[in-house]
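Participant: Hey, dropping input.pdb in here, PDB, C-alpha atoms:
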ATOM      1  CA  MET A  11      12.885 -29.729  14.625  1.00  0.00           C
ATOM      2  CA  PHE A  12      11.580 -26.205  15.142  1.00  0.00           C
ATOM      3  CA  VAL A  13       9.096 -26.553  12.270  1.00  0.00           C
ATOM      4  CA  SER A  14       7.821 -29.891  13.545  1.00  0.00           C
ATOM      5  CA  ARG A  15       7.267 -28.346  16.967  1.00  0.00           C
ATOM      6  CA  ILE A  16       5.193 -25.538  15.433  1.00  0.00           C
ATOM      7  CA  VAL A  17       3.176 -27.995  13.340  1.00  0.00           C
ATOM      8  CA  ARG A  18       2.530 -30.191  16.386  1.00  0.00           C
ATOM      9  CA  ARG A  19       1.346 -27.172  18.377  1.00  0.00           C
ATOM     10  CA  ALA A  20      -0.977 -26.065  15.591  1.00  0.00           C
ATOM     11  CA  PHE A  21      -2.515 -29.502  15.130  1.00  0.00           C
ATOM     12  CA  GLY A  22      -2.695 -30.045  18.885  1.00  0.00           C
ATOM     13  CA  ALA A  23      -4.526 -26.745  19.342  1.00  0.00           C
ATOM     14  CA  ALA A  24      -6.910 -27.622  16.524  1.00  0.00           C
ATOM     15  CA  ALA A  25      -7.596 -31.045  18.021  1.00  0.00           C
ATOM     16  CA  ARG A  26      -8.186 -29.595  21.477  1.00  0.00           C
ATOM     17  CA  SER A  27     -10.584 -26.958  20.168  1.00  0.00           C
ATOM     18  CA  LYS A  28     -12.453 -29.579  18.155  1.00  0.00           C
ATOM     19  CA  SER A  29     -12.868 -31.894  21.133  1.00  0.00           C
ATOM     20  CA  TYR A  30     -14.356 -29.109  23.258  1.00  0.00           C
ATOM     21  CA  SER A  31     -16.785 -27.803  20.647  1.00  0.00           C
ATOM     22  CA  THR A  32     -19.225 -29.287  18.211  1.00  0.00           C
ATOM     23  CA  SER A  33     -18.107 -29.914  14.666  1.00  0.00           C
ATOM     24  CA  SER A  34     -20.231 -27.082  13.234  1.00  0.00           C
ATOM     25  CA  GLU A  35     -18.810 -24.619  15.757  1.00  0.00           C
ATOM     26  CA  ALA A  36     -15.271 -25.764  14.949  1.00  0.00           C
ATOM     27  CA  SER A  37     -15.820 -25.430  11.213  1.00  0.00           C
ATOM     28  CA  ASP A  38     -17.353 -21.970  11.690  1.00  0.00           C
ATOM     29  CA  SER A  39     -14.448 -20.812  13.832  1.00  0.00           C
ATOM     30  CA  ALA A  40     -11.935 -22.328  11.385  1.00  0.00           C
ATOM     31  CA  ALA A  41     -13.609 -20.556   8.464  1.00  0.00           C
ATOM     32  CA  ALA A  42     -13.576 -17.284  10.391  1.00  0.00           C
ATOM     33  CA  ALA A  43      -9.891 -17.768  11.223  1.00  0.00           C
ATOM     34  CA  VAL A  44      -9.030 -18.444   7.583  1.00  0.00           C
ATOM     35  CA  SER A  45     -10.936 -15.379   6.375  1.00  0.00           C
ATOM     36  CA  ALA A  46      -9.339 -13.259   9.101  1.00  0.00           C
ATOM     37  CA  LYS A  47      -5.884 -14.467   8.097  1.00  0.00           C
ATOM     38  CA  ARG A  48      -6.527 -13.535   4.485  1.00  0.00           C
ATOM     39  CA  THR A  49      -7.577 -10.006   5.298  1.00  0.00           C
ATOM     40  CA  LEU A  50      -4.926  -9.453   7.945  1.00  0.00           C
ATOM     41  CA  ASN A  51      -1.929 -10.579   5.882  1.00  0.00           C
ATOM     42  CA  PRO A  52       0.058  -7.368   5.349  1.00  0.00           C
ATOM     43  CA  LEU A  53       2.003  -8.857   2.439  1.00  0.00           C
ATOM     44  CA  GLU A  54      -1.158  -8.995   0.348  1.00  0.00           C
ATOM     45  CA  GLU A  55      -1.094  -5.209   0.224  1.00  0.00           C
ATOM     46  CA  PHE A  56       1.937  -5.443  -2.070  1.00  0.00           C
ATOM     47  CA  PHE A  57      -0.133  -7.139  -4.790  1.00  0.00           C
ATOM     48  CA  GLU A  58      -3.195  -6.133  -6.720  1.00  0.00           C
ATOM     49  CA  PRO A  59      -6.288  -8.231  -6.086  1.00  0.00           C
ATOM     50  CA  ASP A  60      -6.753 -10.869  -8.758  1.00  0.00           C
ATOM     51  CA  ARG A  61      -9.392 -10.205 -11.361  1.00  0.00           C
ATOM     52  CA  SER A  62     -11.414 -13.046 -12.739  1.00  0.00           C
ATOM     53  CA  ALA A  63     -10.829 -13.859 -16.406  1.00  0.00           C
ATOM     54  CA  ASP A  64     -14.533 -13.684 -17.283  1.00  0.00           C
ATOM     55  CA  GLU A  65     -14.701  -9.944 -16.598  1.00  0.00           C
ATOM     56  CA  GLU A  66     -14.744  -8.310 -20.000  1.00  0.00           C
ATOM     57  CA  LYS A  67     -14.927  -4.733 -18.823  1.00  0.00           C
ATOM     58  CA  PRO A  68     -11.509  -3.090 -19.346  1.00  0.00           C
ATOM     59  CA  VAL A  69      -9.826  -1.726 -16.256  1.00  0.00           C
ATOM     60  CA  THR A  70      -9.513   2.041 -16.195  1.00  0.00           C
ATOM     61  CA  TYR A  71      -7.174   3.800 -13.830  1.00  0.00           C
ATOM     62  CA  GLY A  72      -7.446   7.312 -12.523  1.00  0.00           C
ATOM     63  CA  ARG A  73      -5.261  10.280 -13.208  1.00  0.00           C
ATOM     64  CA  GLY A  74      -2.547  11.770 -11.049  1.00  0.00           C
ATOM     65  CA  TRP A  75      -3.197  14.526  -8.541  1.00  0.00           C
ATOM     66  CA  LYS A  76      -2.754  18.115  -9.698  1.00  0.00           C
ATOM     67  CA  ALA A  77      -0.795  20.589  -7.595  1.00  0.00           C
ATOM     68  CA  SER A  78      -3.821  22.895  -7.468  1.00  0.00           C
ATOM     69  CA  GLU A  79      -5.859  20.090  -5.886  1.00  0.00           C
ATOM     70  CA  LEU A  80      -3.122  19.307  -3.401  1.00  0.00           C
ATOM     71  CA  ARG A  81      -2.868  22.952  -2.327  1.00  0.00           C
ATOM     72  CA  LEU A  82      -6.434  22.696  -1.016  1.00  0.00           C
ATOM     73  CA  LYS A  83      -5.557  19.837   1.351  1.00  0.00           C
ATOM     74  CA  SER A  84      -4.487  20.215   4.967  1.00  0.00           C
ATOM     75  CA  TRP A  85      -1.063  19.218   6.247  1.00  0.00           C
ATOM     76  CA  ASP A  86      -2.456  16.028   7.814  1.00  0.00           C
ATOM     77  CA  ASP A  87      -4.322  15.078   4.647  1.00  0.00           C
ATOM     78  CA  LEU A  88      -1.153  15.535   2.603  1.00  0.00           C
ATOM     79  CA  HIS A  89       0.771  13.429   5.105  1.00  0.00           C
ATOM     80  CA  LYS A  90      -1.779  10.608   4.787  1.00  0.00           C
ATOM     81  CA  LEU A  91      -1.854  10.957   1.022  1.00  0.00           C
ATOM     82  CA  TRP A  92       1.949  10.638   0.876  1.00  0.00           C
ATOM     83  CA  TYR A  93       1.722   7.218   2.520  1.00  0.00           C
ATOM     84  CA  VAL A  94      -1.089   6.202   0.163  1.00  0.00           C
ATOM     85  CA  PHE A  95       1.170   7.137  -2.758  1.00  0.00           C
ATOM     86  CA  LEU A  96       4.080   5.271  -1.216  1.00  0.00           C
ATOM     87  CA  LYS A  97       1.985   2.165  -0.675  1.00  0.00           C
ATOM     88  CA  GLU A  98       0.650   2.299  -4.235  1.00  0.00           C
ATOM     89  CA  LYS A  99       4.140   2.788  -5.641  1.00  0.00           C
ATOM     90  CA  ASN A 100       5.469  -0.162  -3.646  1.00  0.00           C
ATOM     91  CA  MET A 101       2.579  -2.327  -4.817  1.00  0.00           C
ATOM     92  CA  LEU A 102       3.158  -1.400  -8.464  1.00  0.00           C
ATOM     93  CA  MET A 103       6.909  -1.922  -8.254  1.00  0.00           C
ATOM     94  CA  THR A 104       6.407  -5.319  -6.593  1.00  0.00           C
ATOM     95  CA  GLN A 105       3.955  -6.355  -9.287  1.00  0.00           C
ATOM     96  CA  ARG A 106       6.312  -5.170 -12.025  1.00  0.00           C
ATOM     97  CA  GLN A 107       9.257  -7.058 -10.547  1.00  0.00           C
ATOM     98  CA  MET A 108       7.214 -10.227 -10.030  1.00  0.00           C
ATOM     99  CA  LEU A 109       5.967 -10.169 -13.611  1.00  0.00           C
ATOM    100  CA  HIS A 110       9.470  -9.390 -14.894  1.00  0.00           C
ATOM    101  CA  THR A 111      10.863 -12.503 -13.187  1.00  0.00           C
ATOM    102  CA  GLN A 112       8.133 -14.560 -14.889  1.00  0.00           C
ATOM    103  CA  ASN A 113       8.946 -12.946 -18.267  1.00  0.00           C
ATOM    104  CA  LEU A 114       5.492 -11.368 -18.426  1.00  0.00           C
ATOM    105  CA  ARG A 115       4.565  -7.842 -19.451  1.00  0.00           C
ATOM    106  CA  PHE A 116       3.517  -5.390 -16.754  1.00  0.00           C
ATOM    107  CA  PRO A 117       0.046  -4.056 -17.672  1.00  0.00           C
ATOM    108  CA  HIS A 118      -0.432  -0.290 -17.660  1.00  0.00           C
ATOM    109  CA  PRO A 119       3.141   0.831 -16.828  1.00  0.00           C
ATOM    110  CA  GLU A 120       1.997   4.458 -16.986  1.00  0.00           C
ATOM    111  CA  ARG A 121       0.480   4.012 -13.525  1.00  0.00           C
ATOM    112  CA  ILE A 122       3.937   4.134 -11.944  1.00  0.00           C
ATOM    113  CA  GLN A 123       4.612   7.469 -13.649  1.00  0.00           C
ATOM    114  CA  LYS A 124       1.289   8.860 -12.426  1.00  0.00           C
ATOM    115  CA  VAL A 125       2.129   7.957  -8.849  1.00  0.00           C
ATOM    116  CA  ARG A 126       5.665   9.369  -9.124  1.00  0.00           C
ATOM    117  CA  LYS A 127       4.399  12.635 -10.596  1.00  0.00           C
ATOM    118  CA  SER A 128       1.776  12.922  -7.867  1.00  0.00           C
ATOM    119  CA  MET A 129       4.460  12.352  -5.234  1.00  0.00           C
ATOM    120  CA  CYS A 130       6.661  15.050  -6.796  1.00  0.00           C
ATOM    121  CA  ARG A 131       3.736  17.461  -6.905  1.00  0.00           C
ATOM    122  CA  LEU A 132       2.937  16.757  -3.266  1.00  0.00           C
ATOM    123  CA  LYS A 133       6.546  17.481  -2.276  1.00  0.00           C
ATOM    124  CA  HIS A 134       6.406  20.678  -4.322  1.00  0.00           C
ATOM    125  CA  VAL A 135       3.263  21.839  -2.498  1.00  0.00           C
ATOM    126  CA  LEU A 136       4.842  21.052   0.863  1.00  0.00           C
ATOM    127  CA  THR A 137       7.981  22.953  -0.137  1.00  0.00           C
ATOM    128  CA  GLU A 138       5.852  25.954  -1.109  1.00  0.00           C
ATOM    129  CA  ARG A 139       4.253  25.853   2.333  1.00  0.00           C
ATOM    130  CA  ALA A 140       7.645  25.573   4.029  1.00  0.00           C
ATOM    131  CA  ILE A 141       8.948  28.605   2.121  1.00  0.00           C
ATOM    132  CA  ALA A 142       5.827  30.608   2.990  1.00  0.00           C
ATOM    133  CA  GLU A 143       6.217  29.782   6.698  1.00  0.00           C
ATOM    134  CA  PRO A 144       7.068  33.019   8.594  1.00  0.00           C
ATOM    135  CA  ASP A 145       8.963  31.274  11.428  1.00  0.00           C
ATOM    136  CA  PRO A 146      12.474  30.446  10.125  1.00  0.00           C
ATOM    137  CA  ARG A 147      13.008  27.570  12.563  1.00  0.00           C
ATOM    138  CA  ARG A 148       9.751  25.913  11.652  1.00  0.00           C
ATOM    139  CA  SER A 149      10.453  26.525   7.963  1.00  0.00           C
ATOM    140  CA  ALA A 150      13.872  24.859   8.248  1.00  0.00           C
ATOM    141  CA  GLU A 151      12.334  21.931  10.140  1.00  0.00           C
ATOM    142  CA  MET A 152       9.656  21.524   7.471  1.00  0.00           C
ATOM    143  CA  LYS A 153      12.273  21.608   4.693  1.00  0.00           C
ATOM    144  CA  ARG A 154      14.365  18.933   6.460  1.00  0.00           C
ATOM    145  CA  MET A 155      11.321  16.734   6.807  1.00  0.00           C
ATOM    146  CA  ILE A 156      10.369  17.212   3.152  1.00  0.00           C
ATOM    147  CA  ASN A 157      13.895  16.410   1.972  1.00  0.00           C
ATOM    148  CA  ALA A 158      13.860  13.235   4.051  1.00  0.00           C
ATOM    149  CA  MET A 159      10.757  11.998   2.223  1.00  0.00           C
TER     150      MET A 159
END
Let me see the structure of the file written as structure tokens.

Facilitator:
Amino acid sequence: MFVSRIVRRAFGAAARSKSYSTSSEASDSAAAAVSAKRTLNPLEEFFEPDRSADEEKPVTYGRGWKASELRLKSWDDLHKLWYVFLKEKNMLMTQRQMLHTQNLRFPHPERIQKVRKSMCRLKHVLTERAIAEPDPRRSAEMKRMINAM
């Protein structure tokens, strides 16, 4: 019953918008809504974009971050980078699990290790900064935050 109510509302809204606008305007707005839905779906961030089969160029992936490179970054940049790593790790783990359930091989499994190593190096750099902090309260707060990551 609940699903039928939602479907009726969706079709009713589409019919009302079509009756008030011309067919070209309705198709343009529908196409814009579909493209907006595709880009705004947060679940799509858990999957890699599909590559077309006709692309013959092999995919190359980057290397992990070095601790020396991370030491040059600011606290805010490291904070943002941590969430980039976390998002990438979640995407790779989702892909691996999805392919595992379909009995398919996960391509380039070394990518997960690169992300994990980069995350460990980032935590190491943050721990170094927390130890070097002269204020003991702030240092303890930083260490608690790092351990919670």

Participant: Interatomic distance between atom CA of A:His89 and atom CA of A:Glu143?

Facilitator: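 Computing it gives 17.3 Å between the two atoms.
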
Participant: Determine the residue membership of the PyMOL selection byres ((chain A and resi 70-78) around 6) for the file above and supply it as a ChimeraX atom specification.

Facilitator: /A:69,79-81,124,128,131

Participant: Would you export the selected residues with C-alpha atoms as an mmCIF file, in the coordinates of the input, please?

Facilitator:
data_model
loop_
_atom_site.group_PDB
_atom_site.id
_atom_site.type_symbol
_atom_site.label_atom_id
_atom_site.label_comp_id
_atom_site.auth_asym_id
_atom_site.auth_seq_id
_atom_site.Cartn_x
_atom_site.Cartn_y
_atom_site.Cartn_z
ATOM 1 C CA VAL A 69 -9.826 -1.726 -16.256
ATOM 2 C CA GLU A 79 -5.859 20.090 -5.886
ATOM 3 C CA LEU A 80 -3.122 19.307 -3.401
ATOM 4 C CA ARG A 81 -2.868 22.952 -2.327
ATOM 5 C CA LYS A 124 1.289 8.860 -12.426
ATOM 6 C CA SER A 128 1.776 12.922 -7.867
ATOM 7 C CA ARG A 131 3.736 17.461 -6.905
#

Participant: Give me the residues within 12 Å of A:Phe116 as a PyMOL selection string, counting all atoms listed in the file and dropping any in the same chain fewer than 5 places off.

Facilitator: chain A and resi 102-111+121-122

Participant: Let me make sure I understand: among A:Phe95, A:Arg139, A:Cys130, A:Pro119, which one has the smallest atom-to-atom distance to A:Leu82 if we use only C-alpha atoms?

Facilitator: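 So, comparing all the options, the nearest one is A:Arg139.
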
Participant: Can you translate the PyMOL selection byres ((chain A and resi 92) around 12) into the concrete residues it hits in this file, as a VMD selection string?

Facilitator: chain A and resid 75 80 83 85 to 91 93 to 99 125 to 133 135 to 136 156 159

Participant: For atom CA of A:Glu55 and atom CA of A:Asn100, quote the distance in Å rounded to one decimal.

Facilitator: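 Separating atom CA of A:Glu55 from atom CA of A:Asn100 is a distance of 9.1 Å.
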
Participant: Report, in Å to a single decimal, how far apart atom CA of A:Pro144 and atom CA of A:Ser84 are.

Facilitator: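 Distance between the two atoms: 17.6 Å.
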